[in-house]
$ cat query_32.txt   # compact mmCIF, C-alpha atoms and all ligand atoms
# COMPACT_ATOMS: atom_id res chain seq x y z
CA MET W 1 60.60 46.45 -26.09
CA ALA W 2 60.80 46.56 -29.90
CA THR W 3 59.55 42.91 -30.10
CA ARG W 4 56.69 43.78 -27.76
CA MET W 5 55.79 46.75 -30.00
CA VAL W 6 55.83 44.53 -33.14
CA ILE W 7 53.60 41.94 -31.39
CA GLY W 8 51.33 44.76 -30.21
CA ALA W 9 51.06 46.22 -33.72
CA LYS W 10 50.37 42.77 -35.20
CA THR W 11 47.65 42.09 -32.59
CA SER W 12 45.99 45.43 -33.21
CA TYR W 13 46.15 44.79 -37.01
CA HIS W 14 44.44 41.38 -36.58
CA PHE W 15 41.95 42.89 -34.17
CA ARG W 16 41.09 45.62 -36.71
CA LEU W 17 40.81 43.00 -39.50
CA MET W 18 38.53 40.81 -37.37
CA MET W 19 36.33 43.83 -36.44
CA LYS W 20 36.14 44.85 -40.10
CA LYS W 21 34.89 41.35 -41.00
CA ILE W 22 32.33 41.39 -38.20
CA ILE W 23 31.12 44.87 -39.20
CA SER W 24 30.88 43.93 -42.90
CA CYS W 25 28.92 40.74 -42.00
CA LYS W 26 26.67 42.80 -39.75
CA SER W 27 26.16 45.35 -42.58
CA PHE W 28 25.32 42.54 -44.99
CA GLU W 29 22.76 41.13 -42.58
CA MET W 30 21.28 44.57 -42.09
CA ILE W 31 21.13 45.25 -45.84
CA SER W 32 19.50 41.89 -46.51
CA THR W 33 16.80 42.69 -43.96
CA TYR W 34 16.12 46.14 -45.48
CA PRO W 35 13.05 46.37 -47.69
CA LEU W 36 13.50 46.91 -51.43
CA ASN W 37 13.26 50.69 -51.06
CA GLY W 38 16.41 50.77 -48.88
CA PRO W 39 16.67 51.90 -45.25
CA LEU W 40 14.64 54.81 -43.93
CA TYR W 41 16.17 57.76 -42.11
CA HIS W 42 15.50 60.17 -39.29
CA VAL W 43 15.44 63.88 -40.12
CA ASP W 44 18.90 64.37 -38.50
CA GLN W 45 20.49 61.87 -40.90
CA ILE W 46 19.60 63.55 -44.19
CA PRO W 47 20.58 66.91 -45.82
CA ALA W 48 18.56 69.96 -44.76
CA GLU W 49 17.12 70.57 -48.27
CA PHE W 50 15.24 67.23 -48.03
CA HIS W 51 13.64 68.10 -44.67
CA GLU W 52 9.86 68.50 -44.47
CA SER W 53 8.58 70.82 -41.74
CA PHE W 54 7.63 68.91 -38.55
CA ILE W 55 8.19 65.48 -40.19
CA LEU W 56 10.81 63.60 -38.16
CA SER W 57 11.10 60.12 -39.67
CA GLY W 58 10.33 57.90 -42.67
CA TYR W 59 12.77 59.66 -45.03
CA ARG W 60 14.19 57.76 -47.99
CA HIS W 61 17.87 58.02 -48.97
CA PRO W 62 18.46 61.34 -50.79
CA LYS W 63 20.34 59.45 -53.52
CA SER W 64 18.03 56.48 -54.00
CA THR W 65 18.16 54.36 -57.14
CA PHE W 66 15.37 54.29 -59.73
CA LEU W 67 14.13 50.89 -58.48
CA GLN W 68 14.28 51.94 -54.83
CA CYS W 69 12.05 54.92 -55.71
CA VAL W 70 9.57 52.62 -57.50
CA PHE W 71 9.49 50.07 -54.65
CA SER W 72 9.25 52.78 -51.98
CA VAL W 73 5.58 53.45 -52.77
CA PHE W 74 4.75 49.96 -51.46
CA TYR W 75 6.42 50.63 -48.08
CA ARG W 76 5.60 52.96 -45.22
CA THR W 77 7.69 56.07 -45.96
CA ASN W 78 6.67 59.69 -45.41
CA GLU W 79 5.98 60.00 -49.19
CA THR W 80 3.82 56.85 -49.66
CA GLY W 81 0.56 58.68 -48.93
CA ASN W 82 1.58 61.64 -51.12
CA PHE W 83 2.11 59.27 -54.06
CA TRP W 84 -1.14 57.25 -53.77
CA THR W 85 -3.38 60.26 -53.05
CA HIS W 86 -2.55 61.54 -56.56
CA PHE W 87 -1.79 58.33 -58.45
CA LEU W 88 -5.16 56.62 -57.77
CA PRO W 89 -7.15 59.73 -58.81
CA SER W 90 -5.11 59.92 -62.05
CA CYS W 91 -6.30 56.33 -62.83
CA TYR W 92 -9.87 57.42 -62.11
CA PHE W 93 -9.54 60.43 -64.48
CA ILE W 94 -8.14 58.11 -67.18
CA TYR W 95 -11.22 55.89 -66.74
CA VAL W 96 -13.54 58.96 -67.05
CA ILE W 97 -11.79 60.27 -70.19
CA CYS W 98 -12.01 56.80 -71.82
CA GLU W 99 -15.77 56.84 -71.22
CA LYS W 100 -16.17 60.30 -72.79
CA LEU W 101 -13.88 59.82 -75.81
CA SER W 102 -16.60 58.77 -78.24
CA GLU W 103 -18.79 61.81 -77.57
CA ASP W 104 -19.32 64.73 -80.03
CA ASP W 105 -17.43 68.03 -80.53
CA TYR W 106 -19.46 69.64 -77.79
CA SER W 107 -17.56 67.65 -75.15
CA LEU W 108 -14.06 68.60 -76.48
CA PRO W 109 -13.46 71.31 -73.81
CA PHE W 110 -14.47 68.75 -71.18
CA LEU W 111 -11.96 66.28 -72.63
CA ALA W 112 -9.27 68.99 -72.50
CA TYR W 113 -10.18 69.56 -68.85
CA LEU W 114 -9.99 65.81 -68.07
CA LEU W 115 -6.61 65.63 -69.82
CA ALA W 116 -5.41 68.41 -67.50
CA CYS W 117 -6.73 66.48 -64.46
CA ILE W 118 -4.80 63.37 -65.55
CA LEU W 119 -1.58 65.28 -66.25
CA PHE W 120 -1.53 67.25 -63.01
CA SER W 121 -2.25 64.27 -60.73
CA LEU W 122 0.16 62.00 -62.61
CA ALA W 123 2.93 64.66 -62.64
CA SER W 124 2.52 65.16 -58.90
CA SER W 125 2.59 61.44 -58.04
CA MET W 126 5.71 60.90 -60.21
CA ALA W 127 7.40 63.92 -58.59
CA HIS W 128 6.74 62.49 -55.12
CA MET W 129 8.04 59.08 -56.19
CA PHE W 130 11.29 60.15 -57.87
CA PHE W 131 12.48 63.35 -56.18
CA VAL W 132 14.93 61.40 -53.99
CA LEU W 133 16.99 60.27 -57.00
CA SER W 134 19.37 63.21 -56.43
CA ASP W 135 19.43 66.87 -55.43
CA TYR W 136 19.12 67.85 -59.12
CA ALA W 137 16.20 65.43 -59.62
CA ARG W 138 14.44 66.94 -56.60
CA HIS W 139 14.29 70.35 -58.31
CA ILE W 140 13.27 68.91 -61.71
CA CYS W 141 10.49 66.81 -60.13
CA PHE W 142 9.01 69.84 -58.45
CA PHE W 143 9.33 71.91 -61.65
CA ILE W 144 7.20 69.20 -63.29
CA ASP W 145 4.76 69.26 -60.37
CA TYR W 146 4.31 73.05 -60.84
CA GLY W 147 3.89 72.55 -64.60
CA GLY W 148 1.08 70.07 -63.87
CA LEU W 149 -0.75 72.62 -61.70
CA SER W 150 -0.39 75.23 -64.42
CA LEU W 151 -1.95 72.80 -66.95
CA PHE W 152 -4.80 72.18 -64.54
CA SER W 153 -5.45 75.91 -64.33
CA ILE W 154 -5.73 76.24 -68.13
CA GLY W 155 -7.85 73.05 -68.34
CA SER W 156 -10.31 74.60 -65.85
CA ALA W 157 -10.37 77.90 -67.77
CA ILE W 158 -11.15 76.09 -71.06
CA ALA W 159 -14.07 74.21 -69.46
CA TYR W 160 -15.39 77.34 -67.73
CA ARG W 161 -15.19 79.34 -70.96
CA ALA W 162 -17.21 76.70 -72.76
CA TYR W 163 -19.88 75.71 -70.23
CA VAL W 164 -19.85 78.06 -67.22
CA PHE W 165 -19.56 81.49 -68.85
CA PRO W 166 -22.33 83.98 -67.95
CA GLU W 167 -24.27 85.50 -70.84
CA VAL W 168 -23.63 89.07 -69.56
CA LEU W 169 -19.85 88.62 -69.98
CA GLU W 170 -20.08 86.96 -73.37
CA ARG W 171 -19.59 89.98 -75.66
CA THR W 172 -17.41 92.07 -73.35
CA TRP W 173 -13.62 92.57 -73.38
CA PHE W 174 -13.46 90.06 -70.50
CA GLY W 175 -15.25 87.46 -72.62
CA TYR W 176 -12.85 88.09 -75.49
CA TRP W 177 -9.65 88.13 -73.42
CA TYR W 178 -10.57 85.57 -70.76
CA LEU W 179 -8.87 82.58 -72.39
CA PRO W 180 -5.70 84.41 -73.65
CA MET W 181 -5.27 85.90 -70.16
CA ALA W 182 -5.80 82.48 -68.56
CA ILE W 183 -3.08 81.05 -70.85
CA PHE W 184 -0.73 83.88 -69.87
CA GLY W 185 -1.59 83.30 -66.16
CA ALA W 186 -0.90 79.56 -66.43
CA LEU W 187 2.52 80.11 -68.05
CA ALA W 188 3.40 82.89 -65.58
CA SER W 189 2.51 80.52 -62.74
CA THR W 190 4.99 77.89 -64.01
CA PHE W 191 7.63 80.59 -64.51
CA PHE W 192 7.34 82.15 -61.03
CA SER W 193 6.93 78.87 -59.13
CA CYS W 194 10.07 77.47 -60.83
CA LEU W 195 11.86 80.76 -60.11
CA SER W 196 10.93 80.40 -56.43
CA ARG W 197 13.29 77.40 -56.15
CA PHE W 198 16.24 79.71 -56.91
CA LYS W 199 15.39 82.01 -53.98
CA LYS W 200 17.44 81.45 -50.85
CA ASP W 201 14.91 82.88 -48.40
CA CYS W 202 12.25 80.39 -47.34
CA HIS W 203 9.50 83.02 -46.93
CA THR W 204 10.16 84.55 -50.37
CA GLN W 205 9.97 81.03 -51.83
CA GLN W 206 6.60 80.29 -50.23
CA LEU W 207 5.17 83.75 -51.04
CA LEU W 208 6.18 83.46 -54.71
CA ARG W 209 4.53 80.02 -54.97
CA ILE W 210 1.33 81.12 -53.22
CA VAL W 211 0.99 84.16 -55.53
CA ALA W 212 1.92 82.06 -58.60
CA PHE W 213 -0.91 79.57 -57.91
CA SER W 214 -3.60 81.64 -56.22
CA LEU W 215 -3.78 84.52 -58.76
CA PRO W 216 -4.51 82.29 -61.82
CA TYR W 217 -6.96 80.28 -59.66
CA LEU W 218 -8.89 83.42 -58.63
CA PHE W 219 -8.86 84.79 -62.19
CA ASP W 220 -10.04 81.49 -63.73
CA ASN W 221 -12.91 81.27 -61.22
CA LEU W 222 -14.20 84.84 -61.80
CA PRO W 223 -16.83 83.78 -64.39
CA VAL W 224 -17.98 80.99 -62.05
CA MET W 225 -18.61 83.50 -59.27
CA VAL W 226 -20.65 85.72 -61.65
CA TRP W 227 -22.42 82.62 -63.00
CA LEU W 228 -23.37 81.51 -59.47
CA ALA W 229 -24.63 84.99 -58.59
CA LEU W 230 -26.76 85.36 -61.73
CA CYS W 231 -27.99 81.90 -62.71
CA ASP W 232 -31.57 80.82 -62.22
CA PHE W 233 -31.77 79.36 -58.71
CA LYS W 234 -33.92 76.37 -59.65
CA GLN W 235 -31.94 75.60 -62.79
CA CYS W 236 -28.45 75.66 -61.34
CA LEU W 237 -29.11 74.44 -57.80
CA GLN W 238 -27.23 71.17 -58.28
CA SER W 239 -24.19 72.66 -60.04
CA LYS W 240 -24.11 75.50 -57.49
CA PHE W 241 -23.69 72.91 -54.72
CA TYR W 242 -20.68 71.32 -56.49
CA HIS W 243 -19.09 74.69 -57.36
CA ILE W 244 -19.34 75.85 -53.74
CA THR W 245 -17.98 72.47 -52.53
CA GLN W 246 -15.04 72.95 -54.90
CA PHE W 247 -14.28 76.41 -53.43
CA MET W 248 -14.55 75.00 -49.92
CA PHE W 249 -12.09 72.13 -50.58
CA CYS W 250 -9.61 74.49 -52.28
CA PHE W 251 -9.76 76.85 -49.32
CA ILE W 252 -9.08 73.97 -46.87
CA ALA W 253 -6.25 72.67 -49.11
CA ALA W 254 -4.58 76.12 -49.20
CA PHE W 255 -4.95 76.47 -45.42
CA LEU W 256 -3.32 73.05 -44.81
CA TYR W 257 -0.49 73.79 -47.27
CA MET W 258 0.42 76.97 -45.40
CA SER W 259 -0.27 75.89 -41.79
CA HIS W 260 1.43 72.44 -41.76
CA LEU W 261 -1.36 71.15 -39.52
CA PRO W 262 -1.73 68.65 -37.82
CA GLU W 263 2.00 67.73 -37.68
CA ARG W 264 2.86 71.21 -36.35
CA LEU W 265 0.96 70.33 -33.13
CA GLN W 266 2.62 66.95 -32.63
CA PRO W 267 5.86 66.62 -34.63
CA GLY W 268 6.62 62.96 -35.38
CA ARG W 269 3.05 61.74 -34.78
CA PHE W 270 1.91 62.08 -38.43
CA ASP W 271 5.18 61.24 -40.21
CA ILE W 272 3.76 58.36 -42.28
CA TRP W 273 -0.02 58.87 -42.37
CA GLY W 274 -2.19 61.94 -41.87
CA HIS W 275 0.28 64.82 -42.38
CA SER W 276 -0.82 68.08 -43.99
CA HIS W 277 0.55 67.36 -47.48
CA GLN W 278 -1.50 64.15 -47.76
CA ILE W 279 -4.69 65.91 -46.59
CA PHE W 280 -3.82 68.79 -48.95
CA HIS W 281 -3.71 66.25 -51.83
CA VAL W 282 -7.00 64.62 -50.74
CA CYS W 283 -8.78 68.01 -50.47
CA GLY W 284 -7.35 69.06 -53.85
CA ILE W 285 -8.70 65.89 -55.46
CA LEU W 286 -12.12 66.14 -53.76
CA GLY W 287 -12.26 69.76 -54.98
CA THR W 288 -11.37 68.61 -58.52
CA ILE W 289 -14.04 65.88 -58.50
CA SER W 290 -16.63 68.44 -57.29
CA GLN W 291 -15.51 70.82 -60.04
CA MET W 292 -15.79 68.01 -62.61
CA LYS W 293 -19.34 67.18 -61.46
CA ALA W 294 -20.34 70.86 -61.58
CA ILE W 295 -18.92 71.29 -65.11
CA GLU W 296 -20.72 68.12 -66.28
CA ILE W 297 -24.06 69.43 -64.98
CA ASP W 298 -23.52 72.90 -66.51
CA MET W 299 -22.49 71.23 -69.76
CA ASP W 300 -25.88 69.52 -70.02
CA LEU W 301 -27.70 72.70 -69.00
CA GLN W 302 -25.90 74.82 -71.61
CA LYS W 303 -26.25 72.35 -74.48
CA ALA W 304 -29.60 73.82 -75.57
CA ASN W 305 -28.13 77.36 -75.66
CA ILE W 306 -25.08 76.52 -77.77
CA ILE W 307 -25.98 77.95 -81.12
CA LYS W 308 -23.60 80.88 -80.79
CA PRO W 309 -20.84 80.82 -83.43
CA CYS W 310 -18.26 82.43 -81.09
CA TYR W 311 -18.34 79.28 -78.97
CA TYR W 312 -17.24 76.98 -81.75
CA MET W 313 -13.72 78.36 -81.95
CA TYR W 314 -13.07 77.37 -78.32
CA PHE W 315 -14.75 74.00 -78.73
CA HIS W 316 -12.69 72.92 -81.70
CA TYR W 317 -9.35 74.15 -80.44
CA SER W 318 -9.62 73.31 -76.74
CA VAL W 319 -7.43 70.18 -76.87
CA GLU W 320 -4.96 72.04 -79.13
CA ILE W 321 -4.79 74.94 -76.64
CA MET W 322 -4.04 72.42 -73.87
CA CYS W 323 -1.28 70.80 -75.93
CA ALA W 324 0.23 74.21 -76.80
CA VAL W 325 0.35 75.17 -73.09
CA LEU W 326 1.87 71.75 -72.33
CA ILE W 327 4.67 72.34 -74.90
CA LEU W 328 5.32 75.90 -73.62
CA ASN W 329 5.47 74.56 -70.05
CA ILE W 330 8.01 71.92 -71.11
CA ILE W 331 10.14 74.70 -72.70
CA ILE W 332 9.99 76.82 -69.49
CA ILE W 333 10.91 73.79 -67.35
CA PHE W 334 13.76 72.88 -69.73
CA ILE W 335 15.22 76.43 -69.50
CA PHE W 336 15.02 76.37 -65.67
CA SER W 337 16.61 72.88 -65.60
CA CYS W 338 19.57 74.17 -67.66
CA MET W 339 19.91 77.23 -65.39
CA LEU W 340 19.86 74.93 -62.37
CA LYS W 341 22.55 72.68 -63.80
CA ILE W 342 24.81 75.70 -64.42
CA GLU W 343 24.20 76.99 -60.88
CA MET W 344 24.91 73.58 -59.31
CA LYS W 345 28.07 73.23 -61.36
CA LYS W 346 29.26 76.67 -60.19
CA LYS W 347 28.59 75.65 -56.58
CA ASN W 348 30.60 72.43 -56.93
CA ASP W 349 33.60 74.11 -58.65
ZN ZN W 401 2.29 67.15 -53.48

$ encode --input "query_32.txt" --output "structure tokens"
Amino acid sequence: MATRMVIGAKTSYHFRLMMKKIISCKSFEMISTYPLNGPLYHVDQIPAEFHESFILSGYRHPKSTFLQCVFSVFYRTNETGNFWTHFLPSCYFIYVICEKLSEDDYSLPFLAYLLACILFSLASSMAHMFFVLSDYARHICFFIDYGGLSLFSIGSAIAYRAYVFPEVLERTWFGYWYLPMAIFGALASTFFSCLSRFKKDCHTQQLLRIVAFSLPYLFDNLPVMVWLALCDFKQCLQSKFYHITQFMFCFIAAFLYMSHLPERLQPGRFDIWGHSHQIFHVCGILGTISQMKAIEIDMDLQKANIIKPCYYMYFHYSVEIMCAVLILNIIIIFIFSCMLKIEMKKKND
């Protein structure tokens, strides 16, 4: 009996050893056939905090390596489209800014605006590429993404103040405080959107982010609305078309962001291409290009009127204002990153 038990134990040991070898060979084969970004996962296989609403497949590993993140943008994952829809436009904005660099002081606010366009689209594409490095990296990447949007809001305000500001508002308190209030709004938007990531409730998170981005957007666009209502119809017909197109694209982008359409209707059907976040990016970029065209047209229209000394202050310091907001945003993000680290450490202890 005892001998039989020893033989049995030995057999089961050899069987386990043989199975282990087979499994490890199988794993090796599987790994060698995986693309350079590593295997992709179904929504049930990854932690809940990495889930995207109504997206069922194409997830990367939540602890990918740096190189896997870089290679992943060349494979069909559910983030590939999100990366390219902001990375390619950032290259286009770099090309535009290079063309405008040699121009005079008058175009400085436009350069500041283009710098904001580059930074926001680049920050977003990098965030989408690297947020699967770790849970901590996921938060930091989205802090940076929010910072980019805040920079874009101040870049727009600088350009509007310089080229799209109605004469009737020029010497009013609004004219005087427009830019300082826009700076405050941009910084408050970074602060509250970063703060939203500390909220447990999903609805509070989304509400905080919507308020943090929509209020500065509406405030920054106030002079444009007055400008469109008061400007000479024949003179501003072309820029009016681009300004209205910009509003239309932003409205569609906000609707898609909140509704999660079309994937809400057919979960799993739009996992790789065509989900709401990609269309949200495309609409955002089309809106930005329309806004850029409108500003360029208004810039040429206004050039003859720019003899007013109050304008010069904004013209000369527009790039500096952008850089100051960039530094303040980095400080806000740094503080939130430290707070996050402390909170995660507390959770793990
Ligand atoms: Zn995005």

$ closest_atom_pairs --input "query_32.txt" --of "chain W" --to "ligand ZN 401 (chain W)" --cutoff "9 Å" --atoms "all atoms listed in the file" --output "Markdown table"
| residue | atom | partner | partner_atom | distance |
| --- | --- | --- | --- | --- |
| W:Asn82 | CA | W:ZN401 | ZN | 6.0 |
| W:Phe83 | CA | W:ZN401 | ZN | 7.9 |
| W:Thr85 | CA | W:ZN401 | ZN | 8.9 |
| W:His86 | CA | W:ZN401 | ZN | 8.0 |
| W:Ser124 | CA | W:ZN401 | ZN | 5.8 |
| W:Ser125 | CA | W:ZN401 | ZN | 7.3 |
| W:Ala127 | CA | W:ZN401 | ZN | 7.9 |
| W:His128 | CA | W:ZN401 | ZN | 6.6 |
| W:Phe142 | CA | W:ZN401 | ZN | 8.8 |
| W:Asp145 | CA | W:ZN401 | ZN | 7.6 |
| W:His277 | CA | W:ZN401 | ZN | 6.3 |
| W:Gln278 | CA | W:ZN401 | ZN | 7.5 |
| W:Phe280 | CA | W:ZN401 | ZN | 7.8 |
| W:His281 | CA | W:ZN401 | ZN | 6.3 |

$ residues_around --input "query_32.txt" --residues "segment 225-231 of chain W" --least-positions-apart "5" --cutoff "12 Å" --atoms "all atoms listed in the file" --output "list in words"
Tyr160, Arg161, Tyr163, Val164, Phe165, Pro166, Glu167, Val168, Leu169, Glu170, Leu218, Phe219, Asp220, Cys236, Leu237, Gln238, Ser239, Lys240, Phe241, Tyr242, His243, Ile244, Gln246, Phe247, Ala294, Asp298, Leu301 and Gln302 of chain W

$ closest_residue --input "query_32.txt" --among "W:Ile279, W:Ala254, W:Ala112, W:Met129" --to "Val325 of chain W" --atoms "all atoms listed in the file"
W:Ala112

$ closest_residue --input "query_32.txt" --among "W:Pro267, W:Leu208, W:Ile158, W:Lys100" --to "Met322 of chain W" --atoms "all atoms listed in the file"
W:Ile158

$ atom_distance --input "query_32.txt" --atom1 "atom CA of Val96 of chain W" --atom2 "atom CA of Lys303 of chain W"
19.9 Å

$ closest_residue --input "query_32.txt" --among "W:Phe198, W:Tyr178, W:Ala162, W:Ile97" --to "Glu343 of chain W" --atoms "only C-alpha atoms"
W:Phe198

$ atom_distance --input "query_32.txt" --atom1 "atom CA of Ala253 of chain W" --atom2 "atom CA of Ile210 of chain W"
12.1 Å

$ residues_around --input "query_32.txt" --residues "Asn78 of chain W" --least-positions-apart "3" --cutoff "10 Å" --atoms "only C-alpha atoms" --output "list in words"
Leu40, Glu52, Ile55, Leu56, Ser57, Gly58, Tyr59, Arg60, Ser72, Val73, Tyr75, Gly81, Asn82, Phe83, Phe270, Asp271, Ile272, Trp273, Gly274, His275 and Gln278 of chain W

$ atom_distance --input "query_32.txt" --atom1 "atom CA of Thr288 of chain W" --atom2 "atom CA of Leu149 of chain W"
11.8 Å

$ closest_residue --input "query_32.txt" --among "W:Gly147, W:Ser53, W:Ser156, W:Ser64" --to "Ser276 of chain W" --atoms "all atoms listed in the file"
W:Ser53

$ residues_around --input "query_32.txt" --residues "segment 185-190 of chain W" --least-positions-apart "5" --cutoff "12 Å" --atoms "all atoms listed in the file" --output "ChimeraX atom specification"
/W:142-158,177-180,195-197,208-220,321-322,324-336

$ closest_residue --input "query_32.txt" --among "W:Val132, W:Ile342, W:Met258, W:Leu222" --to "Phe50 of chain W" --atoms "only C-alpha atoms"
W:Val132

$ closest_residue --input "query_32.txt" --among "W:Glu79, W:Glu49, W:Glu263, W:Asp349" --to "Ser134 of chain W" --atoms "only C-alpha atoms"
W:Glu49

$ axis_aligned_box --input "query_32.txt" --around "segment 283-299 of chain W" --padding-each-side "8 Å" --output "JSON"
{"center_x": -15.7, "center_y": 69.4, "center_z": -60.1, "size_x": 32.7, "size_y": 23.0, "size_z": 35.3}
